[in-house]
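Trainee: I'd like to ask some things about the structure below.
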Amino acid sequence: MFSSIWKEHKGFGKQIFLLAKNELIKTYKGAIIGPFWAVVKPAFTIFVYWFAFNTIRSGKEIKVYFGPHESFKVAFFTFMFIGIIPWFFIQDSILQGTKTLRSNRQFITKVKFPVSTILTYTGISRLYVHMMLMSVMYVFVLIAIGPSWYNLQFFFYCPLMFFFFLFLSWSTAPMAAFSKDFESLVVSVMAGIFWLSGIMYDSYNPKVFGEVGKYFMLANPVNFFVNGYRNAFLYHRGFWVYKTELVIFLAEFAVIAVIGAFNYNRLRKALPDVL
């Protein structure tokens, strides 16, 4: 299953990165500040969420739990800011990844082009945007919290996040190409995914979902990355501390990769006719 996708990528390394750069330019073409919109738009979203939650919350801090007898308080803005940065990448990866093949149909119907590389180079263009946001966030972390060796875990979480949602797009993009209803369904569930992930609250808090809900949160890959970034930049805790969560995620990672490769290979040949 994976060999056919690998063959499509083989020899296209330079083209993929060039197309990723062109995709970024195309996205912000005509805008006066260009790619800086990639920072301005999320900044406005962060301000709105912070203002809304800071208004309805009784305090400016949030209690974070690591266990029944271990907790401490952190500034809510810092908690939210670090957690929402991976969400911007995840959201774009799911939404734009689902629409990618339909948006780039000219490569499929008019040009003989390896289709899986379209998903890769568009994913890399979103990764460029993520790195811009990460740079801003890390400057804030250095000022507000200070550096730590745990920050290096970014190089563990970020590649995992990129490949997880790339593998997911191997399934969602071909399915959306066959049905606009599927694309609409994905758009509809995004708000639910946001509020069911620990972006605005501490998902380790036993009072949030209780014992049963705790296992649902452990199986939520978005929650895994949000907490992963907080472990690296805010909590200063290693990913190896949460063994159950890590094992569950790695199992999901393998399943998503296999299903993605299967669906892509199953639907690939019919894409030109559908589009």
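Numbering starts fresh at 1 for the residues of each chain in the structure tokens, the chains themselves are lettered A, B, ... in the order given, and ligands are numbered from 1 as they appear.
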Determine, counting only C-alpha atoms, which protein, DNA and RNA residues have an atom within 7 Å of an atom of Ser171 (chain A); residues of the same chain fewer than 5 positions away are not included. Present the result as a ChimeraX atom specification.

Mentor: /A:260,263-264

Trainee: Can you write out the residues you just picked, keeping N, CA, C and O atoms, as a PDB file, in the first residue's frame?

Mentor:
```
ATOM      1  N   GLY A 260      -5.492   5.330   5.546  1.00  0.00           N
ATOM      2  CA  GLY A 260      -5.245   6.375   4.558  1.00  0.00           C
ATOM      3  C   GLY A 260      -4.630   5.822   3.296  1.00  0.00           C
ATOM      4  O   GLY A 260      -5.063   6.140   2.177  1.00  0.00           O
ATOM      5  N   ASN A 263      -7.321   3.684   1.416  1.00  0.00           N
ATOM      6  CA  ASN A 263      -8.340   4.499   0.740  1.00  0.00           C
ATOM      7  C   ASN A 263      -7.768   5.235  -0.465  1.00  0.00           C
ATOM      8  O   ASN A 263      -8.416   5.333  -1.511  1.00  0.00           O
ATOM      9  N   TYR A 264      -6.555   5.757  -0.317  1.00  0.00           N
ATOM     10  CA  TYR A 264      -5.943   6.484  -1.434  1.00  0.00           C
ATOM     11  C   TYR A 264      -5.747   5.556  -2.629  1.00  0.00           C
ATOM     12  O   TYR A 264      -6.119   5.896  -3.762  1.00  0.00           O
TER      13      TYR A 264
END
```

Trainee: Fewer than 5 positions away in the same chain doesn't count, so skip those; otherwise give me all residues within 9 Å of Phe225 (chain A), counting only C-alpha atoms, as a PyMOL selection string.

Mentor: chain A and resi 83+86-87+157-158+160-161+230

Trainee: Could you pull the residues within 8 Å of Lys99 (chain A), counting only C-alpha atoms, minus those fewer than 5 positions along the same chain, as a list in words?

Mentor: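 Selected residues are Ala173, Ala176, Ala177 and Glu183 of chain A.
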
Trainee: Could the residues in this selection be saved with all heavy atoms as a short mmCIF file (atom, residue, chain, number, x, y, z; two decimals), in the first residue's frame?

Mentor:
```cif
data_model
loop_
_atom_site.label_atom_id
_atom_site.label_comp_id
_atom_site.auth_asym_id
_atom_site.auth_seq_id
_atom_site.Cartn_x
_atom_site.Cartn_y
_atom_site.Cartn_z
N ALA A 173 -9.36 13.54 1.53
CA ALA A 173 -9.31 14.27 0.25
C ALA A 173 -9.95 13.48 -0.89
O ALA A 173 -10.77 14.04 -1.63
CB ALA A 173 -7.87 14.65 -0.08
N ALA A 176 -13.74 13.43 -0.31
CA ALA A 176 -14.36 14.72 -0.60
C ALA A 176 -14.43 14.98 -2.09
O ALA A 176 -15.34 15.67 -2.57
CB ALA A 176 -13.59 15.84 0.10
N ALA A 177 -13.46 14.45 -2.85
CA ALA A 177 -13.49 14.60 -4.30
C ALA A 177 -14.68 13.85 -4.89
O ALA A 177 -15.27 14.29 -5.89
CB ALA A 177 -12.19 14.07 -4.91
N GLU A 183 -17.33 16.66 2.34
CA GLU A 183 -16.61 17.89 2.65
C GLU A 183 -17.42 18.77 3.59
O GLU A 183 -16.88 19.32 4.56
CB GLU A 183 -16.31 18.64 1.36
CG GLU A 183 -15.50 19.91 1.55
CD GLU A 183 -15.24 20.61 0.22
OE1 GLU A 183 -14.87 19.94 -0.75
OE2 GLU A 183 -15.41 21.85 0.17
#
```

Trainee: Just the strand (DSSP E) stuff from region 13-246 of chain A, please, per backbone DSSP, written as an mmCIF file with all heavy atoms, in the first residue's frame.

Mentor:
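What ended up in result.cif:
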```
data_model
loop_
_atom_site.group_PDB
_atom_site.id
_atom_site.type_symbol
_atom_site.label_atom_id
_atom_site.label_comp_id
_atom_site.auth_asym_id
_atom_site.auth_seq_id
_atom_site.Cartn_x
_atom_site.Cartn_y
_atom_site.Cartn_z
ATOM 1 N N GLU A 61 -6.457 33.153 36.145
ATOM 2 C CA GLU A 61 -5.644 31.943 36.168
ATOM 3 C C GLU A 61 -6.524 30.706 35.997
ATOM 4 O O GLU A 61 -7.727 30.749 36.202
ATOM 5 C CB GLU A 61 -4.866 31.855 37.486
ATOM 6 C CG GLU A 61 -3.808 32.934 37.661
ATOM 7 C CD GLU A 61 -3.032 32.783 38.945
ATOM 8 O OE1 GLU A 61 -3.658 32.422 39.966
ATOM 9 O OE2 GLU A 61 -1.818 33.025 38.950
ATOM 10 N N ILE A 62 -5.882 29.623 35.627
ATOM 11 C CA ILE A 62 -6.568 28.343 35.494
ATOM 12 C C ILE A 62 -5.773 27.297 36.255
ATOM 13 O O ILE A 62 -4.538 27.305 36.242
ATOM 14 C CB ILE A 62 -6.720 27.943 34.001
ATOM 15 C CG1 ILE A 62 -7.493 26.628 33.870
ATOM 16 C CG2 ILE A 62 -5.365 27.841 33.315
ATOM 17 C CD1 ILE A 62 -7.844 26.279 32.426
ATOM 18 N N LYS A 63 -6.485 26.407 36.939
ATOM 19 C CA LYS A 63 -5.819 25.346 37.692
ATOM 20 C C LYS A 63 -5.568 24.161 36.764
ATOM 21 O O LYS A 63 -6.479 23.678 36.095
ATOM 22 C CB LYS A 63 -6.661 24.909 38.890
ATOM 23 C CG LYS A 63 -5.972 23.843 39.753
ATOM 24 C CD LYS A 63 -6.811 23.461 40.957
ATOM 25 C CE LYS A 63 -6.708 24.509 42.052
ATOM 26 N NZ LYS A 63 -7.338 24.019 43.315
ATOM 27 N N VAL A 64 -4.336 23.703 36.724
ATOM 28 C CA VAL A 64 -3.930 22.592 35.872
ATOM 29 C C VAL A 64 -3.666 21.378 36.750
ATOM 30 O O VAL A 64 -2.967 21.479 37.766
ATOM 31 C CB VAL A 64 -2.664 22.957 35.067
ATOM 32 C CG1 VAL A 64 -2.194 21.766 34.260
ATOM 33 C CG2 VAL A 64 -2.954 24.141 34.157
ATOM 34 N N TYR A 65 -4.207 20.226 36.361
ATOM 35 C CA TYR A 65 -4.083 18.997 37.138
ATOM 36 C C TYR A 65 -3.136 18.018 36.450
ATOM 37 O O TYR A 65 -3.201 17.834 35.238
ATOM 38 C CB TYR A 65 -5.446 18.326 37.311
ATOM 39 C CG TYR A 65 -6.388 19.072 38.228
ATOM 40 C CD1 TYR A 65 -7.110 20.160 37.759
ATOM 41 C CD2 TYR A 65 -6.564 18.680 39.545
ATOM 42 C CE1 TYR A 65 -7.984 20.858 38.590
ATOM 43 C CE2 TYR A 65 -7.433 19.365 40.388
ATOM 44 C CZ TYR A 65 -8.140 20.445 39.902
ATOM 45 O OH TYR A 65 -9.001 21.123 40.724
ATOM 46 N N PHE A 66 -2.280 17.375 37.252
ATOM 47 C CA PHE A 66 -1.427 16.302 36.753
ATOM 48 C C PHE A 66 -1.767 14.970 37.419
ATOM 49 O O PHE A 66 -1.251 13.933 37.072
ATOM 50 C CB PHE A 66 0.044 16.614 36.990
ATOM 51 C CG PHE A 66 0.523 17.808 36.209
ATOM 52 C CD1 PHE A 66 1.172 18.847 36.831
ATOM 53 C CD2 PHE A 66 0.299 17.901 34.850
ATOM 54 C CE1 PHE A 66 1.611 19.949 36.112
ATOM 55 C CE2 PHE A 66 0.725 18.992 34.117
ATOM 56 C CZ PHE A 66 1.386 20.016 34.753
ATOM 57 N N GLY A 67 -2.634 15.034 38.392
ATOM 58 C CA GLY A 67 -3.034 13.852 39.135
ATOM 59 C C GLY A 67 -3.961 14.279 40.255
ATOM 60 O O GLY A 67 -4.220 15.471 40.436
ATOM 61 N N GLU A 70 -1.826 16.563 42.546
ATOM 62 C CA GLU A 70 -0.811 17.435 41.950
ATOM 63 C C GLU A 70 -1.468 18.420 40.999
ATOM 64 O O GLU A 70 -2.054 18.037 39.984
ATOM 65 C CB GLU A 70 0.232 16.607 41.189
ATOM 66 C CG GLU A 70 1.409 17.437 40.696
ATOM 67 C CD GLU A 70 2.420 16.604 39.935
ATOM 68 O OE1 GLU A 70 2.210 15.382 39.802
ATOM 69 O OE2 GLU A 70 3.418 17.189 39.456
ATOM 70 N N SER A 71 -1.394 19.697 41.341
ATOM 71 C CA SER A 71 -1.981 20.749 40.499
ATOM 72 C C SER A 71 -1.289 22.072 40.792
ATOM 73 O O SER A 71 -0.649 22.238 41.837
ATOM 74 C CB SER A 71 -3.479 20.880 40.760
ATOM 75 O OG SER A 71 -3.726 21.323 42.085
ATOM 76 N N PHE A 72 -1.384 22.990 39.846
ATOM 77 C CA PHE A 72 -0.891 24.338 40.071
ATOM 78 C C PHE A 72 -1.630 25.294 39.146
ATOM 79 O O PHE A 72 -2.334 24.870 38.222
ATOM 80 C CB PHE A 72 0.631 24.417 39.857
ATOM 81 C CG PHE A 72 1.063 24.284 38.422
ATOM 82 C CD1 PHE A 72 1.326 25.406 37.653
ATOM 83 C CD2 PHE A 72 1.209 23.032 37.829
ATOM 84 C CE1 PHE A 72 1.726 25.294 36.338
ATOM 85 C CE2 PHE A 72 1.612 22.910 36.508
ATOM 86 C CZ PHE A 72 1.867 24.039 35.764
ATOM 87 N N LYS A 73 -1.502 26.585 39.415
ATOM 88 C CA LYS A 73 -2.213 27.584 38.628
ATOM 89 C C LYS A 73 -1.280 28.268 37.637
ATOM 90 O O LYS A 73 -0.120 28.529 37.949
ATOM 91 C CB LYS A 73 -2.851 28.627 39.554
ATOM 92 C CG LYS A 73 -4.019 28.095 40.370
ATOM 93 C CD LYS A 73 -4.679 29.202 41.177
ATOM 94 C CE LYS A 73 -5.907 28.688 41.915
ATOM 95 N NZ LYS A 73 -6.587 29.761 42.672
ATOM 96 N N VAL A 74 -1.807 28.546 36.459
ATOM 97 C CA VAL A 74 -1.053 29.266 35.427
ATOM 98 C C VAL A 74 -1.958 30.351 34.852
ATOM 99 O O VAL A 74 -3.189 30.280 34.955
ATOM 100 C CB VAL A 74 -0.585 28.328 34.294
ATOM 101 C CG1 VAL A 74 0.364 27.277 34.817
ATOM 102 C CG2 VAL A 74 -1.774 27.667 33.606
ATOM 103 N N ALA A 75 -1.352 31.353 34.245
ATOM 104 C CA ALA A 75 -2.120 32.419 33.611
ATOM 105 C C ALA A 75 -2.955 31.835 32.473
ATOM 106 O O ALA A 75 -2.434 31.083 31.642
ATOM 107 C CB ALA A 75 -1.187 33.499 33.094
#
```

Trainee: Which residues are close to Leu119 (chain A), i.e. within 10 Å by only C-alpha atoms, leaving aside same-chain residues fewer than 3 positions away? Reply as a list in words.

Mentor: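 My list of contacting residues is Ile16, Ser93, Gln96, Gly97, Thr98, Lys99, Thr100, Leu101, Asn104, Pro114, Val115, Ser116, Thr122, Gly123, Ile124, Leu166, Phe167, Ser169, Trp170 and Ala173 of chain A.
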
Trainee: Compare A:Thr117, A:Asn22, A:Ser203, A:Ser135 by their minimum atom-to-atom distance to His9 (chain A), counting only C-alpha atoms, and give me the closest one.

Mentor: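 Counting only C-alpha atoms, the residue closest to His9 (chain A) is A:Thr117.
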
Trainee: Give me, as a ChimeraX atom specification, the residues of region 3-60 of chain A that a backbone DSSP run labels alpha helix (DSSP H).

Mentor: /A:3-9,13-27,37-56

Trainee: Quick one: distance from CA of Tyr235 (chain A) to CA of Phe76 (chain A) in Å, one decimal?

Mentor: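 Result for CA of Tyr235 (chain A) versus CA of Phe76 (chain A): 13.3 Å, one decimal.
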
Trainee: With distances taken over only C-alpha atoms, which of A:Met217, A:Val241, A:Leu95, A:Ile143 is nearest to Ser184 (chain A)?

Mentor: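 Among the listed residues, the smallest separation from Ser184 (chain A) belongs to A:Leu95.
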